[in-house]
There are 4 protein chains.
Amino acid sequence: MRYFFLSLVLALCMVNPVHAKSLTTQLPTDLTMEEAQQVLDAALVKAKAQGVPMNIAIVDAGGNLKAFLRMDGAFLGSIDVATKKAKTARLFNMPTATLAKEAQPNKSLYGIEVTNDGLCIFGGGELIIKDNVIIGAIGVSGGSVDEDMNVAKAGAKAIK
Amino acid sequence: MRYFFLSLVLALCMVNPVHAKSLTTQLPTDLTMEEAQQVLDAALVKAKAQGVPMNIAIVDAGGNLKAFLRMDGAFLGSIDVATKKAKTARLFNMPTATLAKEAQPNKSLYGIEVTNDGLCIFGGGELIIKDNVIIGAIGVSGGSVDEDMNVAKAGAKAIK
Amino acid sequence: MRYFFLSLVLALCMVNPVHAKSLTTQLPTDLTMEEAQQVLDAALVKAKAQGVPMNIAIVDAGGNLKAFLRMDGAFLGSIDVATKKAKTARLFNMPTATLAKEAQPNKSLYGIEVTNDGLCIFGGGELIIKDNVIIGAIGVSGGSVDEDMNVAKAGAKAIK
Amino acid sequence: MRYFFLSLVLALCMVNPVHAKSLTTQLPTDLTMEEAQQVLDAALVKAKAQGVPMNIAIVDAGGNLKAFLRMDGAFLGSIDVATKKAKTARLFNMPTATLAKEAQPNKSLYGIEVTNDGLCIFGGGELIIKDNVIIGAIGVSGGSVDEDMNVAKAGAKAIK
């Protein structure tokens with residue numbers, strides 16, 4: 001058990017002798033941990049200023065969770081809502097508030113929320129954009145939709 | 001491990017001694033890979049002409065995925081939407097745009113989208129029909145519903 | 001409905017006036033559609049040479065489906081197996097055959113297959129590597145594990 | 001929409017006239033955000049010292065996600081593994097390495113990993129204990145099981 005990782009590296013070396021020493025496992029321009037922490041910190045500042053405890057989730061360009069934080073007393077149900085907001089924003093490359101408009105009854109995307117194992121189709125999910133490239137998204141949930149959006153936008157603005 | 005498939009064939013021979021040599025595993029008139037590729041190619045031509053990147057999914061008569069392609073930059077969330085559109089069209093033997101009308105609030109099929117592990121109830125899913133037989137369906141997602149429908153119809157028309 | 005996409009673009013412009021005209025929605029070095037088609041074609045050549053029909057799935061660096069093809073007569077159950085093999089290889093940055101060894105009873109990763117909504121922990125998933133960066137993975141299922149691995153490796157080799 | 005939260009507070013006031021002004025939504029001794037951040041920081045220090053990128057998840061006494069961080073280049077598949085390790089440790093009030101022993105074939109808890117929407121039954125999940133009370137758990141995934149356990153233990157030790 002102790003040497004599994006080592007043997008794994010050796011196995012990879014044998015399979016890919018050329019690449020093994022320097023395989024890069026994250027695309028170079030994808031959201032970094034440091035950037036995710038900057039987004040999280042900026043969102044936290046705004047949430048504290050508003051005085052409503054929030055769940056804050058951040059996904060990378062692939063829609064995979066990169067960082068998450070739940071403030072004390074924040075809704076437990078918003079763990080999933082915040083995560084789905086971040087995922088939804090990235091999956092459709094738009095703020096969830098924009099998607100919300102077309103997902104209403106009798107609108108063109110009515111029913112879209114049951115795809116992708118469940119989306120969140122109200123405001124609070126915002127894109128993280130760097131040098132005109134979408135590198136991730138932030139989702140916030142815990143207060144009113146407006147309060148959630150304020151925090152999500154404050155977080156997203158930390159990256160330019 | 002090396003001989004698993006061989007032993008599987010032998011096992012099938014023992015279970016079905018008469019048929020084993022020539023067991024056909026796909027219905028004779030079901031959508032073929034070649035036909036699926038024709039549908040996909042025709043859809044791609046239309047998508048490129050429209051200039052909006054799309055996810056394109058094709059299912060066979062059994063509603064099972066036969067082919068899929070995601071164009072560069074297309075919505076990640078549309079992988080599932082396109083696949084669900086194709087599946088939905090075949091499961092109910094109608095374009096998803098037709099189903100959409102009856103799935104609205106206060107209409108006869110309201111709520112149908114949560115059955116079958118999730119359907120997609122807006123336009124962009126079209127039937128693939130050959131000699132008056134439904135042999136599959138195509139689902140397209142990535143643009144407006146009208147743009148999706150344009151591409152899906154262009155793909156479906158490749159088979160007659 | 002007709003103008004949803006246009007209004008969406010306008011909405012994005014209003015939200016992000018600086019970025020809207022040139023937002024890039026796919027990371028520059030991620031697997032392209034053209035590359036995915038090269039991988040698929042190379043895998044198909046090998047599968048046809050072996051004479052066993054296969055399901056072939058390709059995911060990008062984020063683990064999201066990029067391309068899929070099921071050959072005529074290939075196992076229906078392998079749609080999901082092939083897709084999970086591709087996903088599993090990328091999620092753990094190693095061929096599934098390597099993961100298989102440590103996922104056995106009494107080995108260090110026993111039980112890992114129930115995580116991530118189900119993984120596939122036997123051979124047939126291989127990484128797609130370009131310039132020492134993991135940009136995706138291919139999963140193949142339809143024959144013996146060795147036959148699956150032959151096809152997956154042939155596909156993966158199409159990118160260097 | 002703007003006044004949703006306010007009206008929610010008012011609604012709660014009407015339902016619970018006595019408590020409304022000071023409703024506490026989190027158990028007084030439950031894991032705080034500040035404590036979760038201390039655990040996370042201590043785990044990060046150890047992970048960086050080991051040189052293997054990790055996914056780190058922290059749950060509270062209710063087993064609900066409190067904090068999460070994925071280091072650059074860490075396995076995407078370990079987002080779920082780390083989260084499941086933290087959840088599993090708290091759900092059964094023991095390190096996952098302890099549970100692992102009884103979850104092997106022919107042992108008393110064989111098969112337990114498919115309960116609870118999926119558990120993780122190998123090392124890397126550790127309890128967070130304060131004044132002899134279990135207040136949460138940490139789950140770590142990204143390296144060998146031993147490396148994961150080292151990081152999880154370092155994180156858990158930050159609280160006493």
# chains A, B, ... in the order shown; residues from 1 in each chain; ligands from 1
>>> calpha_fit_rmsd(fixed="chain A", moving="chain B")
0.3 Å
>>> interface_residues(of="chain B", to="chain A", cutoff="9 Å", atoms="only C-alpha atoms", output="list in words")
Ala74, Phe75, Leu76, Gly77, Ser78, Ile79, Asp80, Val81, Lys84, Ala100, Lys101, Ala103, Gln104, Pro105, Gly111, Glu113, Val114, Asp117, Gly118, Leu119, Cys120, Ile121, Phe122, Gly123, Gly142, Ser144 and Val145 of chain B
>>> select_by_dssp(residues="chain B", states="helix (DSSP H, G or I)", output="ChimeraX atom specification")
/B:4-15,20-22,33-50,78-92,96-102,112-114,145-156
>>> closest_residue(among="D:Val45, D:Leu40, D:Ala82, D:Ala154", to="Gly139 of chain D", atoms="only C-alpha atoms")
D:Ala82
>>> atom_distance(atom1="atom CA of Val39 of chain C", atom2="atom CA of Lys153 of chain C")
9.6 Å
>>> residues_around(residues="Thr32 of chain D", least_positions_apart="5", cutoff="12 Å", atoms="only C-alpha atoms", output="mmCIF file with N, CA and C atoms, in the first residue's frame")
data_model
loop_
_atom_site.group_PDB
_atom_site.id
_atom_site.type_symbol
_atom_site.label_atom_id
_atom_site.label_comp_id
_atom_site.auth_asym_id
_atom_site.auth_seq_id
_atom_site.Cartn_x
_atom_site.Cartn_y
_atom_site.Cartn_z
ATOM 1 N N LEU A 69 -17.020 26.865 0.402
ATOM 2 C CA LEU A 69 -17.020 27.280 1.801
ATOM 3 C C LEU A 69 -18.447 27.607 2.230
ATOM 4 N N ARG A 70 -18.810 27.097 3.406
ATOM 5 C CA ARG A 70 -20.129 27.406 3.985
ATOM 6 C C ARG A 70 -19.930 28.238 5.234
ATOM 7 N N MET A 71 -20.496 29.422 5.253
ATOM 8 C CA MET A 71 -20.394 30.300 6.419
ATOM 9 C C MET A 71 -21.283 29.760 7.545
ATOM 10 N N ASP A 72 -20.936 30.102 8.754
ATOM 11 C CA ASP A 72 -21.691 29.595 9.906
ATOM 12 C C ASP A 72 -23.143 30.043 9.845
ATOM 13 N N GLY A 73 -24.041 29.082 10.002
ATOM 14 C CA GLY A 73 -25.466 29.374 10.016
ATOM 15 C C GLY A 73 -26.115 29.412 8.644
ATOM 16 N N ALA A 74 -25.328 29.252 7.579
ATOM 17 C CA ALA A 74 -25.898 29.281 6.218
ATOM 18 C C ALA A 74 -26.767 28.049 5.970
ATOM 19 N N GLN D 26 -27.369 27.071 13.637
ATOM 20 C CA GLN D 26 -26.287 26.083 13.689
ATOM 21 C C GLN D 26 -26.041 25.711 15.142
ATOM 22 N N LEU D 27 -25.872 24.395 15.421
ATOM 23 C CA LEU D 27 -25.652 23.965 16.803
ATOM 24 C C LEU D 27 -24.454 24.712 17.390
ATOM 25 N N GLN D 37 -11.429 26.245 8.314
ATOM 26 C CA GLN D 37 -10.293 26.860 7.608
ATOM 27 C C GLN D 37 -8.957 26.487 8.255
ATOM 28 N N GLN D 38 -8.965 26.353 9.601
ATOM 29 C CA GLN D 38 -7.736 25.919 10.289
ATOM 30 C C GLN D 38 -7.361 24.487 9.875
ATOM 31 N N VAL D 39 -8.380 23.637 9.804
ATOM 32 C CA VAL D 39 -8.150 22.246 9.384
ATOM 33 C C VAL D 39 -7.610 22.223 7.957
ATOM 34 N N ILE D 58 -14.078 18.919 3.961
ATOM 35 C CA ILE D 58 -14.376 18.957 5.400
ATOM 36 C C ILE D 58 -15.885 19.020 5.596
ATOM 37 N N VAL D 59 -16.398 18.099 6.427
ATOM 38 C CA VAL D 59 -17.835 18.107 6.751
ATOM 39 C C VAL D 59 -18.029 18.429 8.226
ATOM 40 N N ASP D 60 -19.220 18.906 8.557
ATOM 41 C CA ASP D 60 -19.531 19.232 9.949
ATOM 42 C C ASP D 60 -20.144 18.022 10.665
ATOM 43 N N ALA D 61 -20.660 18.241 11.868
ATOM 44 C CA ALA D 61 -21.213 17.139 12.663
ATOM 45 C C ALA D 61 -22.425 16.497 12.002
ATOM 46 N N LEU D 65 -21.197 19.174 3.826
ATOM 47 C CA LEU D 65 -19.956 19.830 3.386
ATOM 48 C C LEU D 65 -19.813 21.238 3.971
ATOM 49 N N LYS D 66 -18.649 21.490 4.538
ATOM 50 C CA LYS D 66 -18.375 22.811 5.119
ATOM 51 C C LYS D 66 -17.308 23.547 4.323
ATOM 52 N N ALA D 67 -16.298 22.819 3.856
ATOM 53 C CA ALA D 67 -15.226 23.449 3.078
ATOM 54 C C ALA D 67 -14.595 22.426 2.153
ATOM 55 N N ILE D 128 -12.804 14.916 13.119
ATOM 56 C CA ILE D 128 -12.393 16.161 13.774
ATOM 57 C C ILE D 128 -13.060 16.169 15.154
ATOM 58 N N LYS D 130 -13.287 17.741 19.148
ATOM 59 C CA LYS D 130 -12.992 18.891 20.023
ATOM 60 C C LYS D 130 -13.572 18.605 21.402
ATOM 61 N N ILE D 135 -17.007 16.724 16.013
ATOM 62 C CA ILE D 135 -17.679 17.897 15.427
ATOM 63 C C ILE D 135 -17.599 17.935 13.903
ATOM 64 N N GLY D 136 -16.963 16.916 13.334
ATOM 65 C CA GLY D 136 -16.866 16.883 11.887
ATOM 66 C C GLY D 136 -15.853 15.862 11.431
ATOM 67 N N ILE D 159 -7.468 20.833 15.312
ATOM 68 C CA ILE D 159 -8.519 21.066 16.327
ATOM 69 C C ILE D 159 -8.305 20.092 17.486
#
>>> residues_around(residues="Leu44 of chain C", least_positions_apart="3", cutoff="8 Å", atoms="only C-alpha atoms", output="ChimeraX atom specification")
/C:40-41,47-48,151,155
>>> write_last_selection(atoms="all heavy atoms", output="PDB file, in the first residue's frame")
ATOM      1  N   LEU C  40     -10.764   8.841 -32.832  1.00  0.00           N
ATOM      2  CA  LEU C  40     -11.869   7.932 -33.164  1.00  0.00           C
ATOM      3  C   LEU C  40     -11.545   7.127 -34.419  1.00  0.00           C
ATOM      4  O   LEU C  40     -11.741   5.901 -34.460  1.00  0.00           O
ATOM      5  CB  LEU C  40     -13.145   8.763 -33.370  1.00  0.00           C
ATOM      6  CG  LEU C  40     -14.485   8.047 -33.376  1.00  0.00           C
ATOM      7  CD1 LEU C  40     -14.696   7.255 -32.104  1.00  0.00           C
ATOM      8  CD2 LEU C  40     -15.609   9.073 -33.536  1.00  0.00           C
ATOM      9  N   ASP C  41     -11.040   7.799 -35.435  1.00  0.00           N
ATOM     10  CA  ASP C  41     -10.723   7.111 -36.693  1.00  0.00           C
ATOM     11  C   ASP C  41      -9.643   6.046 -36.491  1.00  0.00           C
ATOM     12  O   ASP C  41      -9.744   4.937 -37.023  1.00  0.00           O
ATOM     13  CB  ASP C  41     -10.269   8.133 -37.748  1.00  0.00           C
ATOM     14  CG  ASP C  41     -11.419   8.992 -38.242  1.00  0.00           C
ATOM     15  OD1 ASP C  41     -12.588   8.638 -37.969  1.00  0.00           O
ATOM     16  OD2 ASP C  41     -11.158  10.032 -38.884  1.00  0.00           O
ATOM     17  N   ALA C  47     -10.162  -1.473 -34.515  1.00  0.00           N
ATOM     18  CA  ALA C  47     -11.309  -2.328 -34.176  1.00  0.00           C
ATOM     19  C   ALA C  47     -11.729  -3.172 -35.370  1.00  0.00           C
ATOM     20  O   ALA C  47     -12.013  -4.367 -35.234  1.00  0.00           O
ATOM     21  CB  ALA C  47     -12.469  -1.459 -33.697  1.00  0.00           C
ATOM     22  N   LYS C  48     -11.755  -2.558 -36.541  1.00  0.00           N
ATOM     23  CA  LYS C  48     -12.129  -3.305 -37.746  1.00  0.00           C
ATOM     24  C   LYS C  48     -11.100  -4.387 -38.052  1.00  0.00           C
ATOM     25  O   LYS C  48     -11.450  -5.501 -38.465  1.00  0.00           O
ATOM     26  CB  LYS C  48     -12.296  -2.351 -38.927  1.00  0.00           C
ATOM     27  CG  LYS C  48     -13.572  -1.508 -38.837  1.00  0.00           C
ATOM     28  CD  LYS C  48     -13.671  -0.469 -39.959  1.00  0.00           C
ATOM     29  CE  LYS C  48     -14.939   0.371 -39.815  1.00  0.00           C
ATOM     30  NZ  LYS C  48     -14.965   1.517 -40.760  1.00  0.00           N
ATOM     31  N   VAL C 151      -7.565  -1.390 -28.924  1.00  0.00           N
ATOM     32  CA  VAL C 151      -8.252  -0.331 -29.674  1.00  0.00           C
ATOM     33  C   VAL C 151      -8.043   1.031 -28.992  1.00  0.00           C
ATOM     34  O   VAL C 151      -7.786   2.041 -29.658  1.00  0.00           O
ATOM     35  CB  VAL C 151      -9.753  -0.655 -29.815  1.00  0.00           C
ATOM     36  CG1 VAL C 151     -10.508   0.504 -30.462  1.00  0.00           C
ATOM     37  CG2 VAL C 151      -9.944  -1.933 -30.625  1.00  0.00           C
ATOM     38  N   GLY C 155      -6.151   4.301 -30.584  1.00  0.00           N
ATOM     39  CA  GLY C 155      -6.785   5.618 -30.671  1.00  0.00           C
ATOM     40  C   GLY C 155      -5.941   6.684 -30.015  1.00  0.00           C
ATOM     41  O   GLY C 155      -5.693   7.748 -30.603  1.00  0.00           O
TER      42      GLY C 155
END
>>> select_by_dssp(residues="segment 106-149 of chain C", states="strand (DSSP E or B)", output="NGL selection string")
:C and (125-130 or 133-141)
>>> atom_distance(atom1="atom CA of Val52 of chain A", atom2="atom CA of Pro95 of chain A")
21.2 Å
>>> residues_around(residues="Ile138 of chain B", least_positions_apart="2", cutoff="7 Å", atoms="only C-alpha atoms", output="list in words")
Ala57, Ile58, Val59, Ala86, Gly125, Glu126, Leu127, Ile128, Val140, Ala152 and Ala156 of chain B
>>> atom_distance(atom1="atom CA of Val133 of chain C", atom2="atom CA of Met54 of chain D")
18.7 Å
